[in-house]
$ cat model.txt   # compact mmCIF, C-alpha atoms
# COMPACT_ATOMS: atom_id res chain seq x y z
CA ASP A 76 1.66 -4.13 23.71
CA CYS A 77 2.15 -5.04 20.09
CA SER A 78 -1.55 -5.56 19.36
CA ARG A 79 -2.20 -1.91 20.15
CA HIS A 80 0.86 -0.88 18.16
CA GLY A 81 0.01 -3.25 15.35
CA GLY A 82 -3.36 -1.71 14.55
CA GLY A 83 -1.59 1.47 13.43
CA ILE A 84 -2.77 2.25 9.96
CA ARG A 85 -6.11 0.59 10.63
CA ARG A 86 -6.98 3.43 12.99
CA ARG A 87 -6.21 6.29 10.60
CA THR A 88 -8.65 7.77 8.16
CA LEU A 89 -7.64 6.98 4.60
CA LEU A 90 -8.60 8.58 1.30
CA ASN A 91 -9.71 7.03 -1.95
CA LYS A 92 -9.18 8.38 -5.46
CA ASP A 93 -12.52 10.25 -5.33
CA GLY A 94 -11.35 12.18 -2.28
CA ASP A 95 -13.76 10.33 0.03
CA PHE A 96 -12.69 9.25 3.48
CA VAL A 97 -12.53 5.51 3.95
CA ASP A 98 -12.72 3.46 7.12
CA PRO A 99 -9.47 1.48 7.12
CA GLU A 100 -10.81 -1.23 9.44
CA GLU A 101 -13.26 -2.19 6.73
CA ALA A 102 -11.04 -1.49 3.73
CA LEU A 103 -8.08 -3.51 5.01
CA ARG A 104 -9.87 -6.36 6.80
CA ASN A 105 -8.63 -9.81 5.77
CA LYS A 106 -6.20 -8.36 3.27
CA VAL A 107 -2.54 -8.31 2.48
CA VAL A 108 -1.60 -4.62 2.59
CA GLY A 109 1.09 -2.94 0.51
CA ILE A 110 2.26 0.32 2.09
CA TYR A 111 3.65 2.30 -0.81
CA PHE A 112 6.11 5.03 0.14
CA SER A 113 6.51 7.17 -2.94
CA ALA A 114 6.72 10.70 -4.37
CA GLY A 115 5.99 12.39 -7.67
CA TRP A 116 9.35 14.20 -7.73
CA CYS A 117 11.27 10.93 -7.65
CA PRO A 118 12.06 9.36 -11.07
CA PRO A 119 12.33 5.74 -9.79
CA CYS A 120 8.88 6.20 -8.19
CA ARG A 121 7.40 7.45 -11.45
CA ASP A 122 9.04 4.47 -13.10
CA PHE A 123 7.62 1.87 -10.68
CA THR A 124 4.12 3.27 -10.09
CA PRO A 125 2.75 2.14 -13.53
CA ILE A 126 4.14 -1.36 -12.89
CA LEU A 127 2.39 -1.40 -9.52
CA CYS A 128 -0.81 -0.21 -11.25
CA ASP A 129 -0.74 -3.17 -13.63
CA PHE A 130 -0.06 -5.57 -10.77
CA TYR A 131 -2.96 -4.15 -8.75
CA THR A 132 -5.34 -4.11 -11.72
CA ASP A 133 -4.59 -7.74 -12.58
CA LEU A 134 -5.06 -8.88 -8.98
CA VAL A 135 -7.90 -6.73 -7.75
CA GLU A 136 -9.87 -5.30 -10.63
CA GLU A 137 -9.70 -8.11 -13.16
CA ASN A 138 -9.94 -11.04 -10.79
CA GLU A 139 -13.14 -12.73 -9.71
CA PRO A 140 -13.32 -12.64 -6.73
CA PRO A 141 -10.86 -9.75 -6.31
CA ALA A 142 -7.61 -10.71 -4.60
CA GLN A 143 -7.36 -9.89 -0.90
CA PHE A 144 -4.95 -7.07 -1.48
CA GLU A 145 -4.98 -3.34 -0.85
CA ILE A 146 -2.38 -0.63 -1.29
CA VAL A 147 -2.00 2.44 0.91
CA PHE A 148 0.03 5.25 -0.63
CA VAL A 149 2.14 7.19 1.86
CA SER A 150 3.40 10.34 0.17
CA SER A 151 6.82 11.93 0.39
CA ASP A 152 5.67 14.76 -1.86
CA LYS A 153 6.45 18.34 -0.89
CA SER A 154 2.83 19.48 -0.53
CA THR A 155 -0.78 18.27 -0.57
CA ASP A 156 -1.17 19.61 -4.11
CA ASP A 157 1.85 17.68 -5.32
CA MET A 158 0.59 14.53 -3.66
CA VAL A 159 -2.93 14.86 -5.07
CA GLU A 160 -1.62 15.47 -8.58
CA TYR A 161 0.73 12.46 -8.46
CA TYR A 162 -1.95 10.24 -6.87
CA HIS A 163 -4.56 11.16 -9.49
CA ASP A 164 -2.29 11.12 -12.51
CA MET A 165 -0.30 7.96 -11.93
CA HIS A 166 -1.69 5.78 -9.17
CA GLY A 167 -4.18 2.91 -9.28
CA ASP A 168 -7.55 2.94 -7.53
CA TRP A 169 -6.02 2.24 -4.17
CA LEU A 170 -6.05 4.20 -0.92
CA ALA A 171 -3.84 6.94 0.46
CA LEU A 172 -2.92 8.40 3.82
CA PRO A 173 -3.83 12.11 3.70
CA TRP A 174 -0.70 14.21 3.18
CA THR A 175 -1.54 16.26 6.27
CA ASP A 176 -1.50 13.19 8.55
CA ASP A 177 1.74 13.22 10.56
CA TYR A 178 1.38 9.48 11.05
CA LYS A 179 3.44 9.14 7.84
CA HIS A 180 6.55 10.02 9.88
CA GLU A 181 5.80 7.25 12.34
CA LEU A 182 5.29 4.79 9.49
CA LYS A 183 8.59 5.77 7.87
CA GLN A 184 10.38 5.21 11.17
CA ARG A 185 8.63 1.98 11.92
CA TYR A 186 9.39 0.45 8.53
CA LYS A 187 12.86 2.06 8.36
CA ILE A 188 12.19 3.98 5.16
CA THR A 189 15.33 5.84 4.14
CA ALA A 190 14.54 6.28 0.44
CA VAL A 191 11.60 6.04 -1.92
CA PRO A 192 10.09 4.17 -3.66
CA LYS A 193 9.56 1.46 -1.11
CA LEU A 194 6.73 -1.06 -1.07
CA VAL A 195 6.38 -2.76 2.31
CA ILE A 196 4.03 -5.74 2.31
CA VAL A 197 2.37 -6.24 5.68
CA LYS A 198 -0.22 -8.37 7.40
CA GLU A 199 -3.45 -6.77 8.51
CA ASN A 200 -1.89 -6.17 11.94
CA GLY A 201 1.08 -4.29 10.47
CA GLU A 202 3.65 -7.10 10.78
CA VAL A 203 6.06 -7.13 7.86
CA ILE A 204 5.84 -9.93 5.29
CA THR A 205 8.55 -8.33 3.14
CA ASP A 206 9.99 -4.87 2.67
CA LYS A 207 11.12 -5.83 -0.84
CA GLY A 208 7.74 -5.65 -2.53
CA ARG A 209 9.03 -3.57 -5.43
CA LYS A 210 11.91 -5.96 -6.17
CA GLN A 211 9.63 -9.01 -5.93
CA ILE A 212 7.01 -7.54 -8.27
CA ARG A 213 9.72 -6.64 -10.79
CA GLU A 214 11.28 -10.10 -10.61
CA ARG A 215 8.32 -12.41 -10.08
CA GLY A 216 5.23 -10.50 -11.14
CA LEU A 217 1.90 -11.83 -9.92
CA ALA A 218 3.47 -15.00 -8.51
CA CYS A 219 4.73 -13.12 -5.46
CA PHE A 220 1.18 -12.39 -4.29
CA ARG A 221 0.56 -16.06 -3.54
CA SER A 222 3.54 -16.21 -1.18
CA TRP A 223 2.46 -12.99 0.56
CA LEU A 224 -1.02 -14.39 1.01
CA ASP A 225 0.33 -17.60 2.52
CA ALA A 226 2.52 -15.58 4.89
CA ALA A 227 -0.37 -13.34 5.90
CA GLU A 228 -2.29 -16.25 7.48
CA ILE A 229 -5.67 -14.79 6.54
CA PHE A 230 -8.79 -16.55 5.49
CA GLN A 231 -8.32 -17.05 1.77
CA ASN A 232 -10.91 -16.85 -0.98
CA PHE A 233 -8.29 -16.22 -3.65
CA LYS A 234 -8.28 -18.75 -6.47
CA GLY A 235 -5.63 -17.14 -8.70
$ encode --input "model.txt" --output "structure tokens"
Amino acid sequence: DCSRHGGGIRRRTLLNKDGDFVDPEEALRNKVVGIYFSAGWCPPCRDFTPILCDFYTDLVEENEPPAQFEIVFVSSDKSTDDMVEYYHDMHGDWLALPWTDDYKHELKQRYKITAVPKLVIVKENGEVITDKGRKQIRERGLACFRSWLDAAEIFQNFKG
């Protein structure tokens, strides 16, 4: 039953930058979702995270209306403290799966994550649009969002 399987991340409690719990159903509804597998100890992650921040800021924070896009950070840090520090110091105002949630292992398996950083772009139901989000952002910048949005088959209010 792929509909049950597909709801995955939408049934977990997520965190925002303020440390508040967020209802993923609401936060991810009608959005393209970037699942960002990353860790503070990893130099390529620290290299890409600021690029992702700029991408997110341009799309979501400086767009009117904001683009239908959300990022969920899934940490490969060694501890909650490491994750929180990396999330606060370097990440944008997106969401995160709590470090203590074992669902991260299931996500890594499901999306075949063997190394970080990895940015998997998915539809609201968890189906993959591309697992090369990082490469596409580096090569095409904001232009790649339009193709993700088209692939996501969601109701669009994005004029960018």
$ closest_residue --input "model.txt" --among "A:Leu90, A:Leu194, A:Cys120, A:Leu182" --to "Asp168 (chain A)" --atoms "all atoms listed in the file"
A:Leu90
$ atom_distance --input "model.txt" --atom1 "CA of Phe148 (chain A)" --atom2 "CA of Tyr111 (chain A)"
4.7 Å
$ atom_distance --input "model.txt" --atom1 "CA of Asn200 (chain A)" --atom2 "CA of Phe130 (chain A)"
22.8 Å
$ residues_around --input "model.txt" --residues "Ile204 (chain A)" --least-positions-apart "3" --cutoff "12 Å" --atoms "all atoms listed in the file" --output "PDB file with C-alpha atoms, in the coordinates of the input"
ATOM      1  CA  VAL A 107      -2.540  -8.310   2.480  1.00  0.00           C
ATOM      2  CA  VAL A 108      -1.600  -4.620   2.590  1.00  0.00           C
ATOM      3  CA  GLY A 109       1.090  -2.940   0.510  1.00  0.00           C
ATOM      4  CA  ILE A 110       2.260   0.320   2.090  1.00  0.00           C
ATOM      5  CA  TYR A 186       9.390   0.450   8.530  1.00  0.00           C
ATOM      6  CA  LEU A 194       6.730  -1.060  -1.070  1.00  0.00           C
ATOM      7  CA  VAL A 195       6.380  -2.760   2.310  1.00  0.00           C
ATOM      8  CA  ILE A 196       4.030  -5.740   2.310  1.00  0.00           C
ATOM      9  CA  VAL A 197       2.370  -6.240   5.680  1.00  0.00           C
ATOM     10  CA  LYS A 198      -0.220  -8.370   7.400  1.00  0.00           C
ATOM     11  CA  GLU A 199      -3.450  -6.770   8.510  1.00  0.00           C
ATOM     12  CA  ASN A 200      -1.890  -6.170  11.940  1.00  0.00           C
ATOM     13  CA  GLY A 201       1.080  -4.290  10.470  1.00  0.00           C
ATOM     14  CA  LYS A 207      11.120  -5.830  -0.840  1.00  0.00           C
ATOM     15  CA  GLY A 208       7.740  -5.650  -2.530  1.00  0.00           C
ATOM     16  CA  GLN A 211       9.630  -9.010  -5.930  1.00  0.00           C
ATOM     17  CA  CYS A 219       4.730 -13.120  -5.460  1.00  0.00           C
ATOM     18  CA  PHE A 220       1.180 -12.390  -4.290  1.00  0.00           C
ATOM     19  CA  ARG A 221       0.560 -16.060  -3.540  1.00  0.00           C
ATOM     20  CA  SER A 222       3.540 -16.210  -1.180  1.00  0.00           C
ATOM     21  CA  TRP A 223       2.460 -12.990   0.560  1.00  0.00           C
ATOM     22  CA  LEU A 224      -1.020 -14.390   1.010  1.00  0.00           C
ATOM     23  CA  ASP A 225       0.330 -17.600   2.520  1.00  0.00           C
ATOM     24  CA  ALA A 226       2.520 -15.580   4.890  1.00  0.00           C
ATOM     25  CA  ALA A 227      -0.370 -13.340   5.900  1.00  0.00           C
ATOM     26  CA  GLU A 228      -2.290 -16.250   7.480  1.00  0.00           C
TER      27      GLU A 228
END
$ atom_distance --input "model.txt" --atom1 "CA of Phe123 (chain A)" --atom2 "CA of Arg215 (chain A)"
14.3 Å
$ closest_residue --input "model.txt" --among "A:Val149, A:Leu134, A:Ala114, A:Ala102" --to "Thr175 (chain A)" --atoms "all atoms listed in the file"
A:Val149
$ closest_residue --input "model.txt" --among "A:Val147, A:Ile212, A:Met158, A:Ile84" --to "Pro125 (chain A)" --atoms "only C-alpha atoms"
A:Ile212
$ axis_aligned_box --input "model.txt" --around "region 114-130 of chain A" --padding-each-side "6 Å" --output "lines of an AutoDock Vina configuration file"
center_x = 5.8
center_y = 4.3
center_z = -9.0
size_x = 25.1
size_y = 31.8
size_z = 21.3
$ residues_around --input "model.txt" --residues "region 187-190 of chain A" --least-positions-apart "5" --cutoff "10 Å" --atoms "only C-alpha atoms" --output "PDB file with C-alpha atoms, keeping the file's coordinate frame"
ATOM      1  CA  PHE A 112       6.110   5.030   0.140  1.00  0.00           C
ATOM      2  CA  SER A 113       6.510   7.170  -2.940  1.00  0.00           C
ATOM      3  CA  CYS A 117      11.270  10.930  -7.650  1.00  0.00           C
ATOM      4  CA  SER A 151       6.820  11.930   0.390  1.00  0.00           C
ATOM      5  CA  HIS A 180       6.550  10.020   9.880  1.00  0.00           C
ATOM      6  CA  GLU A 181       5.800   7.250  12.340  1.00  0.00           C
ATOM      7  CA  LEU A 182       5.290   4.790   9.490  1.00  0.00           C
ATOM      8  CA  VAL A 195       6.380  -2.760   2.310  1.00  0.00           C
ATOM      9  CA  ASP A 206       9.990  -4.870   2.670  1.00  0.00           C
TER      10      ASP A 206
END
$ closest_residue --input "model.txt" --among "A:Ile126, A:Ile229, A:Ala142, A:Arg87" --to "Glu101 (chain A)" --atoms "all atoms listed in the file"
A:Arg87
$ closest_residue --input "model.txt" --among "A:Asp157, A:Asp177, A:Gly167, A:Tyr131" --to "Thr88 (chain A)" --atoms "only C-alpha atoms"
A:Asp177
